[in-house]
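> Data file protein-v3.cif (mmCIF, C-alpha atoms and all ligand atoms) is appended below.
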data_model
#
loop_
_atom_site.label_atom_id
_atom_site.label_comp_id
_atom_site.auth_asym_id
_atom_site.auth_seq_id
_atom_site.Cartn_x
_atom_site.Cartn_y
_atom_site.Cartn_z
CA MET D 148 4.53 0.08 -7.73
CA SER D 149 2.81 3.31 -8.69
CA SER D 150 4.76 6.14 -7.19
CA ASN D 151 1.89 8.55 -7.62
CA SER D 152 -0.57 6.60 -5.51
CA SER D 153 -0.11 9.23 -2.84
CA ALA D 154 -1.61 11.85 -5.11
CA GLN D 155 -5.04 10.36 -4.64
CA SER D 156 -6.52 9.26 -1.37
CA PRO D 157 -5.63 5.62 -0.79
CA VAL D 158 -8.44 3.12 -1.07
CA LYS D 159 -9.54 2.29 2.44
CA SER D 160 -10.59 -1.19 3.49
CA THR D 161 -13.98 -1.14 5.18
CA GLY D 162 -16.14 -3.69 6.96
CA LEU D 163 -13.20 -4.96 8.99
CA HIS D 164 -15.01 -5.47 12.29
CA ILE D 165 -18.11 -7.18 13.65
CA GLY D 166 -20.46 -5.12 15.81
CA ASP D 167 -19.70 -1.84 17.53
CA ALA D 168 -16.17 -0.52 17.28
CA ALA D 169 -14.98 -0.79 20.88
CA PRO D 170 -11.70 -1.94 22.45
CA GLY D 171 -11.23 -5.63 21.67
CA VAL D 172 -13.88 -5.70 18.94
CA ALA D 173 -13.90 -8.89 16.84
CA LYS D 174 -12.62 -8.67 13.27
CA VAL D 175 -14.12 -10.34 10.21
CA ASP D 176 -10.75 -11.90 9.34
CA PRO D 177 -8.17 -11.37 12.10
CA ILE D 178 -4.51 -12.15 11.48
CA ILE D 179 -3.62 -11.68 15.16
CA ILE D 180 -5.83 -12.56 18.11
CA ALA D 181 -4.41 -11.77 21.56
CA ASP D 182 -5.91 -12.50 24.98
CA ASN D 183 -4.98 -11.30 28.43
CA VAL D 184 -1.47 -10.23 27.42
CA THR D 185 0.37 -8.49 30.27
CA ARG D 186 3.93 -7.39 30.84
CA THR D 187 5.12 -5.72 34.02
CA PHE D 188 8.38 -3.84 34.56
CA GLY D 189 8.98 -3.40 38.28
CA GLY D 190 5.62 -2.21 39.54
CA LEU D 191 4.55 -0.81 36.19
CA LYS D 192 2.10 -2.67 33.95
CA ALA D 193 3.52 -1.67 30.59
CA VAL D 194 1.06 -3.87 28.67
CA ASP D 195 -2.35 -4.97 29.91
CA VAL D 196 -4.40 -6.04 26.90
CA ASP D 197 -7.60 -8.03 27.56
CA HIS D 198 -8.43 -8.86 23.98
CA LEU D 199 -7.13 -7.57 20.69
CA GLU D 200 -7.67 -8.57 17.08
CA VAL D 201 -5.66 -7.17 14.19
CA PRO D 202 -7.46 -7.28 10.83
CA ARG D 203 -5.92 -9.10 7.86
CA GLY D 204 -5.28 -7.37 4.55
CA ALA D 205 -5.56 -3.92 6.06
CA ILE D 206 -3.33 -1.17 7.40
CA THR D 207 -3.80 -0.81 11.15
CA ALA D 208 -2.27 2.05 13.13
CA LEU D 209 -1.36 1.57 16.77
CA ILE D 210 -1.31 4.97 18.41
CA GLY D 211 -1.02 6.35 21.92
CA PRO D 212 1.14 8.67 23.99
CA ASN D 213 4.77 7.98 24.88
CA GLY D 214 5.04 5.08 27.30
CA ALA D 215 1.61 3.68 26.37
CA GLY D 216 3.14 0.24 25.78
CA LYS D 217 3.11 0.14 21.97
CA THR D 218 6.71 -1.01 21.52
CA THR D 219 6.41 -3.45 24.42
CA LEU D 220 3.33 -4.99 22.76
CA PHE D 221 5.30 -5.25 19.47
CA ASN D 222 8.14 -6.96 21.35
CA LEU D 223 5.76 -9.48 22.93
CA LEU D 224 3.86 -10.31 19.74
CA THR D 225 7.08 -10.85 17.80
CA GLY D 226 8.85 -12.97 20.40
CA PHE D 227 11.47 -10.36 21.33
CA ASP D 228 10.11 -10.23 24.89
CA LYS D 229 8.17 -12.62 27.11
CA PRO D 230 4.81 -11.68 28.66
CA ASP D 231 3.83 -12.33 32.28
CA THR D 232 0.50 -13.72 31.09
CA GLY D 233 -1.39 -14.12 27.88
CA THR D 234 -1.89 -16.08 24.71
CA TRP D 235 -2.03 -15.04 21.10
CA THR D 236 -2.21 -16.48 17.64
CA PHE D 237 -0.78 -15.32 14.35
CA ASP D 238 -2.53 -16.58 11.24
CA GLY D 239 -4.28 -19.19 13.36
CA LYS D 240 -1.10 -20.51 14.99
CA ARG D 241 -0.28 -20.08 18.66
CA LEU D 242 2.81 -17.96 19.09
CA ASN D 243 3.45 -18.00 22.83
CA GLY D 244 7.04 -18.93 23.57
CA VAL D 245 7.99 -18.98 19.89
CA PRO D 246 11.36 -17.25 19.47
CA ALA D 247 11.64 -14.14 17.32
CA PHE D 248 13.50 -15.73 14.42
CA ARG D 249 10.82 -18.40 14.10
CA VAL D 250 8.04 -15.83 14.32
CA ALA D 251 9.67 -14.04 11.40
CA ARG D 252 9.88 -17.29 9.47
CA MET D 253 6.17 -17.82 10.00
CA GLY D 254 5.56 -14.58 8.16
CA GLN D 255 5.35 -11.96 10.86
CA VAL D 256 8.22 -9.47 10.58
CA ARG D 257 8.85 -6.18 12.30
CA THR D 258 11.04 -3.14 12.16
CA PHE D 259 12.33 -1.23 15.16
CA GLN D 260 11.74 2.24 16.56
CA LEU D 261 15.51 2.71 16.50
CA THR D 262 16.75 1.12 13.33
CA LYS D 263 18.62 -2.15 13.68
CA ALA D 264 20.30 -2.20 10.27
CA LEU D 265 23.74 -3.66 10.81
CA GLY D 266 26.13 -0.81 10.16
CA LEU D 267 29.22 -2.86 9.41
CA LEU D 268 27.47 -4.91 6.76
CA THR D 269 26.76 -3.57 3.33
CA VAL D 270 23.25 -2.75 2.21
CA LEU D 271 23.13 -5.94 0.12
CA GLU D 272 24.45 -8.08 2.98
CA ASN D 273 21.75 -6.66 5.25
CA MET D 274 19.16 -7.66 2.67
CA LYS D 275 20.50 -11.20 2.38
CA LEU D 276 20.18 -11.58 6.14
CA GLY D 277 16.47 -10.95 5.75
CA ALA D 278 16.00 -13.92 3.43
CA GLN D 279 14.34 -16.99 4.91
CA LYS D 280 14.82 -20.72 4.52
CA GLN D 281 18.24 -20.45 2.98
CA THR D 282 19.41 -23.79 1.72
CA GLY D 283 22.90 -22.85 2.85
CA GLU D 284 21.67 -22.89 6.44
CA ASN D 285 20.79 -26.53 6.16
CA MET D 286 23.76 -28.77 6.96
CA PHE D 287 23.00 -31.39 4.36
CA SER D 288 22.16 -29.13 1.46
CA SER D 289 25.04 -26.79 2.25
CA LEU D 290 27.28 -29.64 1.17
CA ILE D 291 25.77 -29.48 -2.31
CA LYS D 292 27.44 -26.37 -3.66
CA PRO D 293 25.42 -25.93 -6.90
CA LEU D 294 22.14 -25.90 -4.98
CA TRP D 295 23.55 -23.38 -2.57
CA THR D 296 24.97 -21.04 -5.20
CA LYS D 297 21.78 -21.15 -7.24
CA GLN D 298 19.78 -20.09 -4.24
CA GLU D 299 22.36 -17.48 -3.34
CA SER D 300 21.97 -15.85 -6.73
CA GLU D 301 18.19 -16.01 -6.51
CA ILE D 302 18.33 -14.29 -3.15
CA GLU D 303 20.63 -11.64 -4.54
CA GLU D 304 18.33 -11.06 -7.47
CA ARG D 305 15.36 -10.65 -5.18
CA ALA D 306 17.36 -8.33 -2.92
CA MET D 307 18.31 -6.12 -5.84
CA GLU D 308 14.72 -6.03 -7.05
CA ILE D 309 13.46 -4.83 -3.66
CA LEU D 310 16.39 -2.41 -3.25
CA ALA D 311 15.51 -0.87 -6.61
CA ARG D 312 11.95 -0.31 -5.43
CA PHE D 313 13.31 1.52 -2.41
CA LYS D 314 15.84 3.43 -4.55
CA LEU D 315 18.70 1.89 -2.60
CA ASP D 316 20.09 -0.29 -5.39
CA THR D 317 22.90 2.12 -6.21
CA LYS D 318 23.98 1.87 -2.56
CA LYS D 319 24.18 -1.91 -2.44
CA ASP D 320 27.89 -1.97 -1.63
CA ASP D 321 27.80 0.89 0.88
CA PHE D 322 27.97 0.10 4.56
CA ALA D 323 24.57 0.52 6.18
CA ALA D 324 26.26 2.84 8.67
CA SER D 325 26.92 5.33 5.88
CA LEU D 326 23.21 5.72 5.07
CA SER D 327 21.09 8.55 6.40
CA GLY D 328 18.59 7.81 9.16
CA GLY D 329 15.73 7.79 6.66
CA GLN D 330 17.57 5.51 4.27
CA ARG D 331 18.27 3.10 7.13
CA LYS D 332 14.53 3.04 7.87
CA LEU D 333 13.91 2.22 4.20
CA LEU D 334 16.58 -0.49 4.32
CA GLU D 335 14.93 -2.02 7.39
CA MET D 336 11.59 -2.13 5.63
CA ALA D 337 13.20 -3.50 2.47
CA ARG D 338 14.98 -6.18 4.48
CA ALA D 339 11.69 -7.17 6.15
CA LEU D 340 10.23 -7.82 2.70
CA MET D 341 12.97 -10.31 1.83
CA SER D 342 11.07 -12.99 3.74
CA SER D 343 7.78 -12.46 1.84
CA PRO D 344 5.89 -11.76 5.07
CA LYS D 345 2.15 -11.94 5.68
CA LEU D 346 2.20 -9.28 8.37
CA VAL D 347 4.61 -6.37 8.49
CA MET D 348 4.88 -4.54 11.81
CA LEU D 349 6.51 -1.11 11.65
CA ASP D 350 7.50 0.71 14.84
CA GLU D 351 7.49 4.42 14.03
CA PRO D 352 8.57 4.13 10.40
CA MET D 353 8.51 7.92 10.00
CA ALA D 354 10.54 8.81 13.09
CA GLY D 355 13.67 10.71 12.13
CA VAL D 356 12.85 10.59 8.45
CA ASN D 357 13.28 13.76 6.45
CA PRO D 358 9.91 15.06 5.17
CA ALA D 359 11.21 14.62 1.62
CA LEU D 360 11.34 10.87 2.19
CA THR D 361 8.07 10.48 4.07
CA GLN D 362 5.95 10.48 0.92
CA SER D 363 7.90 7.60 -0.52
CA LEU D 364 7.65 5.72 2.79
CA LEU D 365 3.89 6.23 2.77
CA ASP D 366 3.73 4.84 -0.75
CA HIS D 367 5.77 1.82 0.26
CA ILE D 368 3.40 1.08 3.12
CA LEU D 369 0.35 1.45 0.88
CA ASN D 370 2.00 -0.88 -1.63
CA LEU D 371 2.43 -3.57 1.02
CA LYS D 372 -1.34 -3.68 1.39
CA GLN D 373 -1.85 -3.67 -2.37
CA GLU D 374 0.40 -6.69 -2.57
CA GLY D 375 -1.80 -8.53 -0.07
CA MET D 376 0.16 -8.03 3.14
CA SER D 377 -1.31 -6.89 6.43
CA VAL D 378 0.37 -3.94 8.13
CA LEU D 379 0.43 -2.91 11.78
CA PHE D 380 2.33 0.29 12.42
CA VAL D 381 3.04 2.54 15.38
CA GLU D 382 2.96 6.23 14.56
CA HIS D 383 2.66 9.57 16.30
CA ASP D 384 1.96 11.56 13.14
CA MET D 385 -1.82 11.78 13.04
CA HIS D 386 -1.85 13.01 9.47
CA MET D 387 -0.15 9.88 8.32
CA VAL D 388 -2.49 7.73 10.41
CA ARG D 389 -5.54 9.43 8.98
CA HIS D 390 -4.20 9.21 5.46
CA ILE D 391 -3.23 5.56 5.22
CA ALA D 392 -4.77 3.60 8.11
CA ASP D 393 -7.90 1.54 7.58
CA TRP D 394 -8.20 0.87 11.28
CA VAL D 395 -6.80 2.54 14.39
CA ILE D 396 -6.07 0.98 17.78
CA VAL D 397 -5.37 3.37 20.64
CA MET D 398 -3.31 2.38 23.67
CA ALA D 399 -2.85 4.32 26.89
CA GLU D 400 -1.16 3.08 30.05
CA GLY D 401 -0.83 -0.41 28.64
CA ARG D 402 -4.48 -0.85 27.72
CA VAL D 403 -6.42 -0.61 24.49
CA VAL D 404 -8.67 2.38 25.12
CA ALA D 405 -10.30 2.79 21.71
CA GLU D 406 -10.55 1.22 18.27
CA GLY D 407 -12.21 2.23 15.04
CA ASP D 408 -11.81 3.84 11.67
CA PRO D 409 -9.38 6.78 11.75
CA HIS D 410 -12.00 9.47 11.46
CA THR D 411 -14.18 8.20 14.30
CA VAL D 412 -11.29 7.35 16.59
CA MET D 413 -9.67 10.74 16.34
CA GLU D 414 -12.83 12.42 17.49
CA ASP D 415 -13.36 9.95 20.32
CA PRO D 416 -13.19 11.68 23.72
CA ALA D 417 -11.28 8.70 25.20
CA VAL D 418 -8.58 9.13 22.56
CA ILE D 419 -8.37 12.83 23.00
CA ASP D 420 -8.19 12.19 26.75
CA ALA D 421 -5.33 9.77 26.32
CA TYR D 422 -3.36 12.31 24.34
CA LEU D 423 -4.57 15.62 25.55
CA GLY D 424 -5.94 15.28 29.05
CA SER D 425 -9.15 17.16 29.47
CA HIS D 426 -9.13 19.19 26.25
CA GLN D 427 -11.87 17.17 24.60
CA ASP D 428 -13.29 19.65 22.16
CA VAL D 429 -10.29 19.82 19.87
CA ASP D 430 -9.87 17.61 16.82
CA LEU D 431 -6.62 15.73 17.22
CA GLY D 432 -5.82 15.92 13.51
CA VAL D 433 -6.19 19.68 13.54
CA VAL D 434 -4.13 19.94 16.69
CA THR D 435 -1.23 18.11 15.15
CA GLY D 436 -1.42 20.62 12.30
CA ARG D 437 -1.41 18.10 9.50
CA ILE D 438 -5.14 18.18 8.84
CA SER D 439 -6.62 21.26 7.28
CA GLY D 440 -9.10 22.81 9.64
CA GLU D 441 -9.46 25.78 11.85
CA LYS D 442 -6.73 25.78 14.45
CA THR D 443 -8.01 27.59 17.49
CA ALA D 444 -5.80 29.36 19.99
CA GLU D 445 -6.44 26.45 22.32
CA ALA D 446 -5.27 24.04 19.64
CA GLU D 447 -2.10 26.07 19.10
CA GLU D 448 -1.42 25.94 22.80
CA LEU D 449 -1.98 22.20 22.90
CA LEU D 450 0.25 21.69 19.91
CA ALA D 451 3.11 23.34 21.75
CA GLU D 452 2.35 21.23 24.82
CA ILE D 453 2.22 18.01 22.83
CA ASP D 454 5.42 18.76 20.99
CA ALA D 455 7.11 19.30 24.31
CA GLU D 456 5.57 16.43 26.26
CA VAL D 457 4.52 13.76 23.83
CA GLY D 458 7.51 14.37 21.55
CA LEU D 459 5.79 14.13 18.19
CA THR D 460 8.18 12.77 15.62
CA ASP D 461 6.76 14.47 12.57
CA SER D 462 8.19 17.23 10.45
CA ALA D 463 7.11 19.92 12.90
CA ALA D 464 9.37 18.47 15.56
CA TYR D 465 12.43 18.05 13.39
CA SER D 466 14.86 20.70 14.40
CA ALA D 467 14.60 19.59 18.03
CA ASP D 468 16.83 16.59 17.46
CA PRO D 469 19.71 17.02 15.04
CA GLU D 470 20.57 13.33 15.21
CA LYS D 471 17.20 12.50 13.72
CA ASN D 472 17.69 15.08 10.98
CA GLU D 473 20.44 13.56 9.00
CA ASP D 474 18.56 12.74 5.80
CA THR D 475 19.90 14.13 2.63
CA LYS D 476 17.03 13.20 0.32
N1 LIG D 501 12.98 -2.91 29.30
C1 LIG D 501 12.25 -2.10 30.08
N2 LIG D 501 12.50 -1.99 31.40
C2 LIG D 501 11.75 -1.22 32.21
N3 LIG D 501 10.70 -0.50 31.79
C3 LIG D 501 10.40 -0.55 30.48
C4 LIG D 501 11.14 -1.36 29.56
N4 LIG D 501 10.62 -1.23 28.32
C5 LIG D 501 9.58 -0.38 28.46
N5 LIG D 501 9.45 0.03 29.74
C6 LIG D 501 8.41 0.92 30.26
O1 LIG D 501 7.15 0.41 29.82
C7 LIG D 501 6.30 1.46 29.43
C8 LIG D 501 5.89 1.27 27.99
O2 LIG D 501 6.99 1.54 27.16
P1 LIG D 501 6.95 1.39 25.57
O3 LIG D 501 8.33 1.63 25.09
O4 LIG D 501 6.30 0.13 25.22
O5 LIG D 501 6.01 2.62 25.18
P2 LIG D 501 5.65 3.20 23.74
O6 LIG D 501 4.17 3.28 23.68
O7 LIG D 501 6.35 2.43 22.68
O8 LIG D 501 6.25 4.67 23.85
P3 LIG D 501 6.94 5.61 22.71
O9 LIG D 501 5.79 6.23 21.97
O10 LIG D 501 7.68 6.62 23.52
O11 LIG D 501 7.82 4.77 21.87
C9 LIG D 501 7.05 2.76 29.69
O12 LIG D 501 6.68 3.25 30.94
C10 LIG D 501 8.49 2.31 29.69
O13 LIG D 501 9.29 3.16 30.48
MG MG D 502 7.76 2.88 21.27
#
Give the structure from the file, written as structure tokens.
Ligand SMILES: Nc1ncnc2c1ncn2[C@@H]1O[C@H](COP(=O)(O)OP(=O)(O)OP(=O)(O)O)[C@@H](O)[C@H]1O
Ligand SMILES: [Mg+2]

Amino acid sequence: MSSNSSAQSPVKSTGLHIGDAAPGVAKVDPIIIADNVTRTFGGLKAVDVDHLEVPRGAITALIGPNGAGKTTLFNLLTGFDKPDTGTWTFDGKRLNGVPAFRVARMGQVRTFQLTKALGLLTVLENMKLGAQKQTGENMFSSLIKPLWTKQESEIEERAMEILARFKLDTKKDDFAASLSGGQRKLLEMARALMSSPKLVMLDEPMAGVNPALTQSLLDHILNLKQEGMSVLFVEHDMHMVRHIADWVIVMAEGRVVAEGDPHTVMEDPAVIDAYLGSHQDVDLGVVTGRISGEKTAEAEELLAEIDAEVGLTDSAAYSADPEKNEDTK
């Protein structure tokens, strides 16, 4: 869709919650409702979420320091891991014990922190794998060749349409392994769209992506919402969160410690605590350097500390990891 949507501030969804914005606050129209979800590794409670609702039709950011349990929560909600306790629904349907492939079929798809594009398949083949309900998978209908080939060509058409949107159409016959890190992230997102999902969950979509590609990734995420999808994304880049998120959920040590609109949340002492320890008087957006504002000496100091300890994956942290720097455009 419009590639210049990033020029203006995106239209934010408001009125998403009922009552005071606090951890576990009810949403007007939740697409996910989770209760008492826990996951322990050894002695460590990686996820310990009492109650959580994810709003429908909005872009929700899940933030928190390294090890907060964000990816583990993604894994649980999408059936890639099993919780010790807990129940949750997606779009009104209970999802406990539902395997990942079926969760995806129900309309809840996710991407991974480390991209899972299959390197030895071509870009187009990767896309076709993302398609759902293929007639060819059904034993009976696979015997009827015309039906199968018709659907095959429809799938290919749809794949090429989405690839074009992501500017990957000219690479359709390239092996996914030959793409840059950022292009693989785009391919993963494009592949997720093949199933016409209701909820798209993105685990650090910007990590390892060259700054030149981040704007187009932002646009793609905003477009998902415009097309009626709900988005839940994990991100360390506070500028991005502030720019595109309608709602922010903050995790620390497995728990949800704060929720609210981006502006309020990023000035919440509990959030600043979770990220920055006791330095409560510094605006997190300013600290990360992506929000214009006066950066105090204390903020500069914290920025260095965060880069070192929290491992921010935004443009400022690029040169630290050459493997994550392989984008060409
Ligand atoms: N398979 C596993 N086995 C043992 N411990 C694990 C496993 N997966 C995650 N953990 C631990 O659970 C905690 C939460 O990890 P998780 O990856 O969910 O954090 P995160 O919020 O996604 O962090 P990051 O921002 O670094 O991606 C961490 O302490 C991590 O070491
Ligand atoms: Mg993670």
> Name each residue within 12 Å of ligand LIG 501 (chain D), counting only C-alpha atoms and all ligand atoms, as a PyMOL selection string.
chain D and resi 185-195+209-223+227-230+259-261+349-352+354+380-384+397-403+421-422+456-460
> So what do you get for atom CA of Gly329 of chain D versus atom CA of Thr317 of chain D, distance-wise?
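So the two atoms, atom CA of Gly329 of chain D and atom CA of Thr317 of chain D, lie 15.8 Å apart.
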> I want to know what sits within 6 Å of segment 385-396 of chain D, based on all atoms listed in the file, with residues of the same chain fewer than 5 positions away left out; could you give that as a list in words?
Lys159, Ser160, Ile206, Thr207, Ala208, Leu209, Glu406, Gly407, Asp408, Pro409, Gly432 and Arg437 of chain D
> Work out how far apart atom CA of Ala251 of chain D and atom CA of Asp238 of chain D are and give it in Å to one decimal.
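A separation of 12.5 Å between them.
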> For a quick check of understanding, using all atoms listed in the file, which of D:Asp415, D:Asp316, D:Asp420, D:Glu335 has the smallest distance to Ala169 of chain D?
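Residue with the minimum atom-to-atom distance to Ala169 of chain D: D:Asp415.
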> Record the distance separating atom CA of Gly171 of chain D and atom CA of Gly254 of chain D, expressed in Å with one decimal.
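Between atom CA of Gly171 of chain D and atom CA of Gly254 of chain D the gap works out to 23.3 Å.
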> For Pro202 of chain D, please output as a JSON list (two decimals) with C-alpha atoms, keeping the file's coordinate frame all residues within 9 Å (counting all atoms listed in the file; exclusion window: fewer than 6 positions along the same chain).

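Final output, out.json:
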[["chain", "number", "residue", "atom", "x", "y", "z"],
["D", 163, "LEU", "CA", -13.20, -4.96, 8.99],
["D", 164, "HIS", "CA", -15.01, -5.47, 12.29],
["D", 173, "ALA", "CA", -13.90, -8.89, 16.84],
["D", 174, "LYS", "CA", -12.62, -8.67, 13.27],
["D", 175, "VAL", "CA", -14.12, -10.34, 10.21],
["D", 176, "ASP", "CA", -10.75, -11.90, 9.34],
["D", 177, "PRO", "CA", -8.17, -11.37, 12.10],
["D", 178, "ILE", "CA", -4.51, -12.15, 11.48],
["D", 179, "ILE", "CA", -3.62, -11.68, 15.16],
["D", 377, "SER", "CA", -1.31, -6.89, 6.43],
["D", 378, "VAL", "CA", 0.37, -3.94, 8.13],
["D", 394, "TRP", "CA", -8.20, 0.87, 11.28]]
> Would you mind listing what lies within 12 Å of Lys345 of chain D as a PyMOL selection string, with only C-alpha atoms counted and same-chain residues fewer than 2 positions away left out?
chain D and resi 178-179+202-205+237-238+250-257+339-343+347-348+371-372+374-379
> With all atoms listed in the file as the atoms that count, which of D:Thr411, D:Thr258, D:Asp197, D:Lys314 lies nearest to ligand MG 502 (chain D)?
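Ranked by minimum distance to ligand MG 502 (chain D), first place goes to D:Thr258.
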> Given all atoms listed in the file as the basis, pick out the residue of D:Ile368, D:Leu276, D:Ala181, D:Leu224 nearest to Ile302 of chain D.
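When distances to Ile302 of chain D are compared using all atoms listed in the file, the smallest one comes from D:Leu276.
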> Put the listed atoms of segment 376-386 of chain D in a box along x, y and z with 6 Å added on every side and give me the centre and edge lengths in Å to one decimal, as AutoDock Vina command-line options.

--center_x 0.6 --center_y 2.5 --center_z 9.7 --size_x 16.9 --size_y 33.0 --size_z 25.2
> Residues around (14.4, -2.1, -4.9), cut-off 12 Å, counting only C-alpha atoms - what are they as a count of residues only?
29
